[in-house]
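Read through the structure below, which is laid out as structure tokens, and then see the notes.
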Amino acid sequence: MSENVPNVTFKIKVRGESVNGKNPFRWQDISTEDIFPGKNIIIFSLPAAFTRTNSSTHLPDYEAKYDELKSLGIDEVYCLSVNTPFTVIQWAKNLGINNVKMLPDAHADFTRLMGMLVKKENVGFGKLSWRYSAYVVNGEIKKIFSEAGMMDDCPDDPFECSDVDTMISYLKK
């Protein structure tokens, strides 16, 4: 992994005022060069949308403590997962996520370049992101909290250090 976040472009869906119907979204490209320069960012990555730990704790906790993170000098908080834009929109909607920005890494380009891509075939999935969080300043990774035991087909789903409380403790130092 480099000291800087990888340079990739994400395909996202955003509300489009010119789009009518039940699905008023349009495609938009957003690159890491749009997200990170000149900002203090927290990005955390989860194995998959709608799964137990990710939906009950990891993402909701970052949402619940968003204002505290902002008070500690964070400009934005991003949740990344190897899912389609459609999936992350519905997941955020289902959980009532309003502040944390969702990044769908559908092709796993960012995840692969971060060195965090793992197979999870043992639980019926394909290639997903390992669970981690990172504090990024102006595109430079200042601190990364990667869960222990990273390997393909890990029998566990560790969740000990990529949580929002660990990040808050780090930022307060």
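Please note that chains go A, B, ... in the order of the structure tokens, that every chain numbers its residues from 1, and that ligands are numbered from 1 in the order shown.
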Exercise for the section: Please return as a ChimeraX atom specification: the residues of chain A that backbone DSSP assigns to strand (DSSP E or B). Expected result: /A:4,9-15,25-31,40-46,76-81,101-104,117-119,127-129,132-137,140-146
Could you save those same residues with N, CA and C atoms as a compact mmCIF listing (two decimals), in the first residue's frame?
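New file again_9.txt:
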# COMPACT_ATOMS: atom_id res chain seq x y z
N ASN A 4 -0.30 7.32 -0.19
CA ASN A 4 -1.45 8.08 -0.66
C ASN A 4 -2.57 7.13 -1.07
N THR A 9 -11.62 6.16 -10.10
CA THR A 9 -12.89 6.83 -10.33
C THR A 9 -14.01 5.88 -9.96
N PHE A 10 -14.93 6.38 -9.15
CA PHE A 10 -16.10 5.62 -8.74
C PHE A 10 -17.28 6.05 -9.61
N LYS A 11 -18.11 5.10 -9.99
CA LYS A 11 -19.37 5.38 -10.68
C LYS A 11 -20.45 5.38 -9.61
N ILE A 12 -21.09 6.52 -9.42
CA ILE A 12 -22.13 6.61 -8.40
C ILE A 12 -23.44 7.05 -9.04
N LYS A 13 -24.51 6.89 -8.30
CA LYS A 13 -25.83 7.37 -8.71
C LYS A 13 -26.18 8.54 -7.80
N VAL A 14 -26.60 9.65 -8.41
CA VAL A 14 -27.01 10.83 -7.66
C VAL A 14 -28.38 11.27 -8.15
N ARG A 15 -29.11 11.92 -7.26
CA ARG A 15 -30.41 12.45 -7.64
C ARG A 15 -30.24 13.47 -8.74
N PHE A 25 -32.47 9.11 -10.52
CA PHE A 25 -31.02 9.16 -10.33
C PHE A 25 -30.32 9.15 -11.68
N ARG A 26 -29.15 9.78 -11.71
CA ARG A 26 -28.32 9.77 -12.90
C ARG A 26 -26.92 9.31 -12.51
N TRP A 27 -26.16 8.84 -13.50
CA TRP A 27 -24.79 8.40 -13.25
C TRP A 27 -23.88 9.62 -13.11
N GLN A 28 -22.91 9.48 -12.21
CA GLN A 28 -21.90 10.52 -12.04
C GLN A 28 -20.58 9.86 -11.68
N ASP A 29 -19.51 10.36 -12.24
CA ASP A 29 -18.18 9.91 -11.87
C ASP A 29 -17.66 10.79 -10.75
N ILE A 30 -17.04 10.17 -9.75
CA ILE A 30 -16.36 10.91 -8.70
C ILE A 30 -15.03 10.20 -8.48
N SER A 31 -13.96 10.97 -8.51
CA SER A 31 -12.64 10.36 -8.39
C SER A 31 -12.06 10.66 -7.01
N ASN A 40 -9.59 16.66 5.40
CA ASN A 40 -9.38 15.62 6.39
C ASN A 40 -10.55 14.65 6.27
N ILE A 41 -10.26 13.43 5.86
CA ILE A 41 -11.29 12.45 5.53
C ILE A 41 -11.12 11.20 6.37
N ILE A 42 -12.23 10.63 6.79
CA ILE A 42 -12.23 9.27 7.31
C ILE A 42 -12.92 8.42 6.27
N ILE A 43 -12.26 7.34 5.90
CA ILE A 43 -12.88 6.36 5.02
C ILE A 43 -12.82 5.03 5.73
N PHE A 44 -13.95 4.35 5.78
CA PHE A 44 -13.94 3.01 6.37
C PHE A 44 -14.57 2.07 5.37
N SER A 45 -14.05 0.87 5.34
CA SER A 45 -14.51 -0.10 4.36
C SER A 45 -15.05 -1.34 5.06
N LEU A 46 -16.14 -1.81 4.51
CA LEU A 46 -16.86 -2.95 5.06
C LEU A 46 -16.90 -4.07 4.03
N GLU A 76 -15.21 15.11 5.95
CA GLU A 76 -16.21 14.16 5.46
C GLU A 76 -15.87 12.75 5.94
N VAL A 77 -16.91 11.92 6.00
CA VAL A 77 -16.77 10.51 6.35
C VAL A 77 -17.36 9.70 5.20
N TYR A 78 -16.59 8.73 4.71
CA TYR A 78 -17.02 7.89 3.60
C TYR A 78 -17.04 6.43 4.01
N CYS A 79 -18.10 5.74 3.61
CA CYS A 79 -18.20 4.29 3.79
C CYS A 79 -18.05 3.65 2.42
N LEU A 80 -17.08 2.78 2.30
CA LEU A 80 -16.81 2.10 1.04
C LEU A 80 -17.13 0.62 1.18
N SER A 81 -17.73 0.07 0.14
CA SER A 81 -17.93 -1.38 0.09
C SER A 81 -17.89 -1.82 -1.37
N LYS A 101 -21.11 9.53 3.66
CA LYS A 101 -21.24 9.40 2.21
C LYS A 101 -20.86 7.98 1.80
N MET A 102 -21.66 7.42 0.92
CA MET A 102 -21.47 6.04 0.49
C MET A 102 -20.66 6.00 -0.80
N LEU A 103 -19.65 5.12 -0.82
CA LEU A 103 -18.82 4.93 -2.01
C LEU A 103 -18.92 3.49 -2.48
N PRO A 104 -19.56 3.26 -3.60
CA PRO A 104 -19.62 1.91 -4.15
C PRO A 104 -18.37 1.61 -4.97
N LEU A 117 -8.22 -6.36 -0.79
CA LEU A 117 -9.17 -7.25 -1.45
C LEU A 117 -8.95 -8.70 -1.00
N VAL A 118 -10.01 -9.34 -0.53
CA VAL A 118 -9.93 -10.74 -0.08
C VAL A 118 -11.10 -11.53 -0.67
N LYS A 119 -10.91 -12.82 -0.78
CA LYS A 119 -11.99 -13.71 -1.19
C LYS A 119 -12.78 -14.11 0.05
N LYS A 127 -15.16 -11.71 -4.10
CA LYS A 127 -14.09 -10.84 -3.59
C LYS A 127 -14.70 -9.60 -2.96
N LEU A 128 -14.26 -9.32 -1.75
CA LEU A 128 -14.78 -8.20 -0.97
C LEU A 128 -13.64 -7.45 -0.31
N SER A 129 -13.96 -6.37 0.34
CA SER A 129 -12.96 -5.62 1.07
C SER A 129 -12.76 -6.21 2.46
N TYR A 132 -11.59 -2.19 7.43
CA TYR A 132 -10.58 -1.24 7.91
C TYR A 132 -11.18 0.16 7.97
N SER A 133 -10.47 1.05 8.65
CA SER A 133 -10.79 2.48 8.60
C SER A 133 -9.47 3.22 8.43
N ALA A 134 -9.54 4.39 7.83
CA ALA A 134 -8.32 5.17 7.60
C ALA A 134 -8.60 6.65 7.80
N TYR A 135 -7.61 7.31 8.35
CA TYR A 135 -7.62 8.76 8.48
C TYR A 135 -6.72 9.29 7.38
N VAL A 136 -7.28 10.12 6.51
CA VAL A 136 -6.57 10.59 5.32
C VAL A 136 -6.58 12.12 5.31
N VAL A 137 -5.39 12.71 5.18
CA VAL A 137 -5.24 14.15 5.12
C VAL A 137 -4.67 14.52 3.76
N GLU A 140 -3.19 11.80 1.74
CA GLU A 140 -2.16 10.97 2.37
C GLU A 140 -2.76 10.19 3.54
N ILE A 141 -2.52 8.89 3.53
CA ILE A 141 -3.02 8.04 4.61
C ILE A 141 -2.15 8.28 5.84
N LYS A 142 -2.73 8.89 6.86
CA LYS A 142 -2.01 9.18 8.09
C LYS A 142 -2.07 8.02 9.08
N LYS A 143 -3.19 7.31 9.09
CA LYS A 143 -3.35 6.18 10.01
C LYS A 143 -4.37 5.23 9.41
N ILE A 144 -4.08 3.94 9.50
CA ILE A 144 -5.03 2.93 9.04
C ILE A 144 -5.23 1.92 10.17
N PHE A 145 -6.48 1.59 10.41
CA PHE A 145 -6.84 0.58 11.40
C PHE A 145 -7.42 -0.61 10.64
N SER A 146 -6.57 -1.59 10.38
CA SER A 146 -6.97 -2.78 9.64
C SER A 146 -7.18 -3.92 10.63
Exercise for the section: Within 12 Å of Phe125 in chain A, counting only C-alpha atoms, which residues show up once you throw out same-chain ones fewer than 2 positions away? Write them as a PyMOL selection string, please. Expected result: chain A and resi 47-49+51+82-83+118-123+127-129+152-154
Handout entry: For CA of Asp157 in chain A and CA of Ala64 in chain A, the interatomic separation in Å (one decimal)
Key = 22.2 Å
Practice task
From a DSSP pass on the backbone, collect the residues of chain A flagged as helix (DSSP H, G or I) and hand them back as an NGL selection string.
Solution key: :A and (32-35 or 52-64 or 66-71 or 85-95 or 109-113 or 121-123 or 164-172)
Exercise for the section: Can you work out which one of A:Val164, A:Leu113, A:His107, A:Gly139 has the shortest atom-to-atom distance to Phe36 in chain A, counting only C-alpha atoms? Expected result: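 Under the stated criterion, the closest residue is A:Gly139.
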Problem - Using only C-alpha atoms: which of A:Asn20, A:Ser71, A:Thr57, A:Thr32 has the shortest distance to Val8 in chain A - result: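 Under the stated criterion, the closest residue is A:Thr32.
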